[in-house]
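Shown next: upload-v1.txt, given as compact mmCIF, C-alpha atoms.
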# COMPACT_ATOMS: atom_id res chain seq x y z
CA LEU A 26 -144.07 66.04 40.27
CA SER A 27 -142.73 65.79 43.80
CA ALA A 28 -139.03 65.96 44.50
CA ARG A 29 -138.97 62.21 45.26
CA GLU A 30 -140.63 61.28 41.96
CA ALA A 31 -138.26 63.58 40.06
CA GLU A 32 -135.28 61.92 41.74
CA GLN A 33 -136.57 58.44 40.90
CA GLY A 34 -137.08 59.47 37.26
CA TYR A 35 -133.52 60.85 37.08
CA LEU A 36 -132.04 57.65 38.54
CA LEU A 37 -134.02 55.50 36.10
CA ARG A 38 -132.79 57.49 33.11
CA GLN A 39 -129.20 57.22 34.36
CA LEU A 40 -129.53 53.45 34.69
CA GLN A 41 -130.92 53.18 31.17
CA MET A 42 -128.08 55.30 29.77
CA ARG A 43 -125.54 53.19 31.66
CA GLN A 44 -127.05 50.02 30.22
CA GLN A 45 -126.83 51.45 26.72
CA ARG A 46 -123.18 52.48 27.19
CA LEU A 47 -122.29 49.01 28.52
CA GLY A 48 -124.02 47.43 25.52
CA ILE A 49 -122.05 49.60 23.07
CA LEU A 50 -118.78 48.88 24.90
CA SER A 51 -119.34 45.10 25.04
CA GLN A 52 -120.18 45.03 21.31
CA ALA A 53 -117.01 46.97 20.48
CA LEU A 54 -114.91 44.59 22.59
CA ARG A 55 -116.37 41.53 20.87
CA GLU A 56 -115.71 43.04 17.45
CA ALA A 57 -112.09 43.59 18.56
CA GLY A 58 -111.77 39.92 19.48
CA VAL A 59 -112.04 40.37 23.24
CA ASP A 60 -114.34 37.88 25.01
CA SER A 61 -117.05 40.01 26.60
CA PRO A 62 -120.56 39.10 27.79
CA ASP A 63 -123.50 40.51 25.88
CA VAL A 64 -125.21 43.02 28.20
CA SER A 65 -127.31 44.71 25.54
CA GLN A 66 -131.03 44.99 26.18
CA ARG A 67 -132.98 41.95 25.04
CA LYS A 68 -136.48 41.90 23.71
CA LYS A 69 -139.10 40.53 26.03
CA SER A 70 -140.72 37.25 25.17
CA SER A 71 -143.71 37.72 22.87
CA GLY A 72 -145.78 35.16 24.76
CA PRO A 73 -146.21 31.42 25.25
CA VAL A 74 -144.04 29.16 23.12
CA PRO A 75 -145.85 26.85 20.66
CA LYS A 76 -145.36 23.23 21.69
CA GLU A 77 -146.12 19.84 20.21
CA TRP A 78 -147.18 16.86 22.33
CA ASP A 79 -145.41 13.80 23.69
CA CYS A 80 -147.47 10.76 24.64
CA THR A 81 -146.62 7.83 26.90
CA VAL A 82 -148.37 4.99 28.71
CA GLY A 83 -148.45 4.99 32.51
CA GLY A 84 -146.36 2.28 34.12
CA GLU A 85 -146.57 0.48 37.45
CA ASP A 86 -143.01 0.72 38.76
CA PRO A 87 -142.09 3.49 38.70
CA GLY A 88 -145.40 5.26 38.21
CA THR A 89 -145.79 8.22 35.88
CA PRO A 90 -146.57 11.47 37.75
CA CYS A 91 -149.72 13.34 36.69
CA LEU A 92 -150.35 17.06 37.22
CA ILE A 93 -154.08 16.42 37.78
CA MET A 94 -154.46 12.98 39.36
CA GLY A 95 -151.08 12.72 41.10
CA GLU A 96 -150.14 9.59 39.17
CA VAL A 97 -151.17 8.13 35.84
CA SER A 98 -153.06 4.86 36.20
CA PRO A 99 -151.05 1.92 34.77
CA GLY A 100 -151.95 1.28 31.16
CA TRP A 101 -153.58 4.68 30.63
CA LYS A 102 -152.07 7.24 28.28
CA ALA A 103 -150.58 10.53 29.40
CA VAL A 104 -149.46 13.54 27.39
CA ALA A 105 -147.09 16.44 28.00
CA PRO A 106 -145.69 19.37 26.05
CA LYS A 107 -142.74 18.09 24.06
CA ALA A 108 -139.53 17.49 26.05
CA THR A 109 -141.01 18.70 29.37
CA ASN A 110 -141.91 15.37 31.06
CA LYS A 111 -144.76 17.15 32.85
CA TRP A 112 -147.41 14.51 32.21
CA VAL A 113 -151.19 14.71 32.41
CA THR A 114 -153.60 11.81 31.98
CA LEU A 115 -155.04 12.21 28.48
CA TRP A 116 -158.56 11.29 29.59
CA GLU A 117 -158.60 13.91 32.38
CA LEU A 118 -156.97 16.53 30.16
CA ASN A 119 -159.68 16.14 27.54
CA LYS A 120 -162.44 16.38 30.16
CA MET A 121 -160.83 19.58 31.46
CA ARG A 122 -160.57 20.83 27.89
CA ARG A 123 -164.32 20.45 27.46
CA ASN A 124 -165.55 21.50 30.92
CA GLU A 125 -162.88 23.95 32.14
CA PRO A 126 -160.77 24.95 29.10
CA GLU A 127 -159.36 28.05 30.83
CA LYS A 128 -157.42 25.83 33.26
CA ILE A 129 -155.40 23.85 30.69
CA ASN A 130 -152.57 26.31 30.09
CA SER A 131 -152.30 27.02 33.83
CA LEU A 132 -151.20 23.39 34.33
CA TRP A 133 -147.89 24.42 32.74
CA TYR A 134 -147.96 27.99 34.13
CA ASP A 135 -148.95 29.49 30.76
CA GLN A 136 -145.51 28.77 29.34
CA PHE A 137 -146.72 27.00 26.18
CA LEU A 138 -149.17 27.55 23.36
CA LEU A 139 -150.94 24.19 23.18
CA ASN A 140 -153.38 22.82 20.63
CA CYS A 141 -155.53 19.92 21.82
CA TYR A 142 -157.21 19.62 18.41
CA THR A 143 -154.19 17.58 17.29
CA PHE A 144 -155.56 14.64 19.30
CA ASN A 145 -158.82 14.74 17.33
CA LEU A 146 -156.89 14.79 14.06
CA GLN A 147 -155.07 11.65 15.19
CA ALA A 148 -158.46 9.97 15.68
CA GLY A 149 -159.50 10.60 12.08
CA PRO A 150 -163.02 11.58 10.89
CA PRO A 151 -164.81 10.42 14.09
CA GLY A 152 -162.50 12.60 16.18
CA VAL A 153 -162.99 15.61 13.92
CA LEU A 154 -166.79 15.15 14.00
CA LEU A 155 -166.83 14.99 17.81
CA SER A 156 -164.64 18.09 17.94
CA LEU A 157 -167.07 19.98 15.70
CA LEU A 158 -169.95 19.04 18.01
CA LEU A 159 -168.17 19.84 21.27
CA ASP A 160 -166.18 22.94 20.31
CA LYS A 161 -169.36 25.03 20.07
CA LYS A 162 -172.08 24.75 22.71
CA TRP A 163 -174.81 25.51 20.22
CA ALA A 164 -173.81 22.56 18.00
CA VAL A 165 -175.19 19.85 20.29
CA ARG A 166 -178.34 21.89 20.86
CA ALA A 167 -178.87 22.34 17.12
CA VAL A 168 -178.46 18.61 16.52
CA LEU A 169 -180.92 17.75 19.29
CA CYS A 170 -183.50 20.24 18.00
CA THR A 171 -183.12 18.84 14.48
CA LEU A 172 -183.52 15.26 15.68
CA MET A 173 -186.60 16.21 17.71
CA ALA A 174 -188.15 17.95 14.70
CA VAL A 175 -187.45 14.94 12.46
CA ALA A 176 -188.83 12.55 15.06
CA THR A 177 -191.99 14.66 15.39
CA ALA A 178 -192.46 14.67 11.62
CA VAL A 179 -191.86 10.93 11.27
CA LEU A 180 -193.99 10.01 14.29
CA GLY A 181 -196.65 12.66 13.65
CA LYS A 182 -199.61 10.26 13.80
CA GLN A 183 -198.37 8.63 17.00
CA VAL A 184 -197.75 12.03 18.61
CA HIS A 185 -201.22 13.21 17.60
CA PHE A 186 -202.75 10.06 19.10
CA VAL A 187 -200.90 10.58 22.41
CA VAL A 188 -201.94 14.25 22.60
CA VAL A 189 -205.60 13.44 21.95
CA ARG A 190 -205.59 10.68 24.55
CA LEU A 191 -204.03 13.05 27.08
CA LEU A 192 -206.55 15.84 26.42
CA THR A 193 -209.47 13.42 26.77
CA SER A 194 -208.11 11.53 29.77
CA THR A 195 -209.68 11.52 33.23
CA PHE A 196 -206.45 12.70 34.79
CA PHE A 197 -206.34 15.80 32.58
CA TRP A 198 -209.91 16.85 33.37
CA LYS A 199 -209.43 16.28 37.07
CA GLN A 200 -206.90 19.12 36.87
CA HIS A 201 -209.54 21.44 35.36
CA LEU A 202 -209.42 23.92 38.23
CA ASN A 203 -205.67 24.31 37.78
CA TRP A 204 -205.37 24.85 34.01
CA SER A 205 -208.70 26.63 33.55
CA ARG A 206 -207.26 29.67 35.37
CA ILE A 207 -204.76 30.02 32.54
CA VAL A 208 -207.23 29.25 29.73
CA TYR A 209 -209.77 31.89 30.86
CA ALA A 210 -207.21 34.47 32.00
CA PRO A 211 -206.58 37.69 30.00
CA LEU A 212 -204.02 37.47 27.20
CA PRO A 213 -201.16 39.19 29.12
CA ALA A 214 -201.66 36.79 32.01
CA LYS A 215 -201.70 33.83 29.61
CA LEU A 216 -198.39 34.94 28.10
CA TYR A 217 -196.92 35.40 31.55
CA PHE A 218 -197.99 31.96 32.78
CA LEU A 219 -196.89 30.28 29.56
CA SER A 220 -193.46 31.91 29.81
CA ILE A 221 -193.11 30.62 33.37
CA ILE A 222 -194.12 27.11 32.33
CA TRP A 223 -191.77 27.26 29.34
CA ARG A 224 -188.77 28.25 31.47
CA ALA A 225 -189.57 25.93 34.39
CA VAL A 226 -190.39 22.82 32.37
CA VAL A 227 -189.33 22.89 28.73
CA VAL A 228 -186.11 24.91 28.96
CA LYS A 229 -185.01 23.39 32.27
CA TYR A 230 -185.44 19.75 31.27
CA PHE A 231 -184.20 20.31 27.73
CA LEU A 232 -180.99 21.87 29.07
CA LEU A 233 -180.58 18.95 31.48
CA PHE A 234 -181.02 16.52 28.61
CA GLU A 235 -178.58 18.52 26.49
CA GLU A 236 -175.94 18.41 29.25
CA VAL A 237 -176.39 14.65 29.65
CA VAL A 238 -175.88 14.16 25.91
CA ARG A 239 -172.86 16.48 25.91
CA GLN A 240 -171.19 14.63 28.79
CA TYR A 241 -171.83 11.34 27.01
CA LEU A 242 -170.16 12.72 23.87
CA ILE A 243 -167.20 13.90 25.97
CA GLU A 244 -166.77 10.41 27.38
CA MET A 245 -166.93 9.00 23.85
CA GLU A 246 -164.29 11.48 22.72
CA CYS A 247 -162.02 10.62 25.69
CA GLU A 248 -162.29 6.93 24.89
CA LEU A 249 -161.60 7.55 21.20
CA LEU A 250 -158.53 9.70 21.93
CA GLU A 251 -157.25 7.14 24.44
CA TYR A 252 -157.42 4.49 21.75
CA SER A 253 -156.05 6.50 18.81
CA CYS A 254 -153.31 8.72 20.29
CA PRO A 255 -149.91 7.13 19.45
CA SER A 256 -147.78 6.61 22.55
CA GLU A 257 -144.05 7.33 22.66
CA ALA A 258 -144.44 9.19 19.37
CA GLU A 259 -144.49 12.82 18.43
CA VAL A 260 -147.65 14.27 16.95
CA PRO A 261 -146.90 15.09 13.29
CA GLU A 262 -145.95 18.68 12.56
CA ASP A 263 -148.74 19.11 10.02
CA CYS A 264 -151.22 18.69 12.89
CA VAL A 265 -149.82 21.59 14.85
CA GLY A 266 -151.36 25.03 14.88
CA GLY A 267 -154.77 26.20 13.88
Once more with this new file: its structure as structure tokens, please.
Amino acid sequence: LSAREAEQGYLLRQLQMRQQRLGILSQALREAGVDSPDVSQRKKSSGPVPKEWDCTVGGEDPGTPCLIMGEVSPGWKAVAPKATNKWVTLWELNKMRRNEPEKINSLWYDQFLLNCYTFNLQAGPPGVLLSLLLDKKWAVRAVLCTLMAVATAVLGKQVHFVVVRLLTSTFFWKQHLNWSRIVYAPLPAKLYFLSIIWRAVVVKYFLLFEEVVRQYLIEMECELLEYSCPSEAEVPEDCVGG
């Protein structure tokens, strides 16, 4: 270590020892009945503080401030960590929860440990079901794949009829020069072209359809929470945590 680093280490140890001596002295004075401030070392905070939610309805005059929109629209519900009066429009908070969940705690500077699932519990079984679908990205995809498989099985004859009509149509055979290159290509080339078509058409449009459905479910959830969340009332304690 350099002389400067050694000196800094010595000064730091002296300060720590002085703090300890002051803590012992202040404790002894308090035990003797002398009013003395507590200067003993305190434990650092273990992290964000768990908080319940307050809910209110935005008014016209005066308006209710919103951390996202600037002001809560009159008649719309807003929520805030209990006893903070730092309101956020419930609808916008839930959209942020689903699309940008990492930003929620930063609204209150990471001071609180918040649980948005309490709003779904207030909405009853429909709210819980929507939460199960939206909490995991694969859930909506699994439901869509299941529905598509069921629809294909139920409408098998109709699907077969459409496929046959397409394969025997004039339009399909006019494209012979385009698809024949894939049909008569070597197997590795067929796999390569099929993978390109799969990613460019099936995966792309399926993911777009999945996102449309997910956003529709988010809007449904926002509307449900807006209707079911009790205003000017504390969320029950048995809904907190988890």
request  = Would you list the contacts of stretch 129-136 of chain A as a PyMOL selection string, taking every protein, DNA or RNA residue within 6 Å and counting only C-alpha atoms, but skipping same-chain residues closer than 2 positions in sequence?
outcome  = chain A and resi 73+126-127
query = In Å, with one decimal, what is the gap from atom CA of A:Asp79 to atom CA of A:Leu158?
reply = 25.7 Å
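Coordinates place atom CA of A:Lys162 at a distance of 20.3 Å from atom CA of A:Trp116.
A straight line drawn from atom CA of A:Asn119 to atom CA of A:Pro99 is 18.1 Å long.
Between A:Leu139 and the residues A:Leu202, A:Ala225, A:Ala105, A:Cys170, the shortest atom-to-atom distance, using all atoms listed in the file, involves A:Ala105.
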Could you write out as JSON the box around stretch 118-127 of chain A (axis-aligned, all atoms listed in the file, 4 Å on each side), with centre and edge lengths in Å to one decimal?
{"center_x": -161.3, "center_y": 22.1, "center_z": 29.8, "size_x": 16.6, "size_y": 19.9, "size_z": 12.7}
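Nearest-residue note for A:Arg123: choosing from A:Ala214, A:Ile93, A:Cys141, A:Val189, the minimum distance belongs to A:Cys141, counting all atoms listed in the file.
Closest approach to A:Cys247 from the set A:Phe218, A:Phe234, A:Trp101, A:Phe196 is made by A:Trp101, with distances taken over only C-alpha atoms.
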Residues around (-167.3, 23.4, 21.2), cut-off 12 Å, counting only C-alpha atoms - what are they as a short mmCIF file (atom, residue, chain, number, x, y, z; two decimals) with C-alpha atoms, in the coordinates of the input?
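Once everything was written out, this is result-v7.cif:
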data_model
loop_
_atom_site.label_atom_id
_atom_site.label_comp_id
_atom_site.auth_asym_id
_atom_site.auth_seq_id
_atom_site.Cartn_x
_atom_site.Cartn_y
_atom_site.Cartn_z
CA ARG A 122 -160.57 20.83 27.89
CA ARG A 123 -164.32 20.45 27.46
CA ASN A 124 -165.55 21.50 30.92
CA GLU A 125 -162.88 23.95 32.14
CA PRO A 126 -160.77 24.95 29.10
CA TYR A 142 -157.21 19.62 18.41
CA VAL A 153 -162.99 15.61 13.92
CA LEU A 154 -166.79 15.15 14.00
CA LEU A 155 -166.83 14.99 17.81
CA SER A 156 -164.64 18.09 17.94
CA LEU A 157 -167.07 19.98 15.70
CA LEU A 158 -169.95 19.04 18.01
CA LEU A 159 -168.17 19.84 21.27
CA ASP A 160 -166.18 22.94 20.31
CA LYS A 161 -169.36 25.03 20.07
CA LYS A 162 -172.08 24.75 22.71
CA TRP A 163 -174.81 25.51 20.22
CA ALA A 164 -173.81 22.56 18.00
CA VAL A 165 -175.19 19.85 20.29
CA ARG A 166 -178.34 21.89 20.86
CA ARG A 239 -172.86 16.48 25.91
CA LEU A 242 -170.16 12.72 23.87
CA ILE A 243 -167.20 13.90 25.97
#
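Of the listed residues A:Trp223, A:Phe144, A:Tyr217, A:Trp198, the one whose atoms come nearest to A:Leu249 is A:Phe144, with distances taken using only C-alpha atoms.
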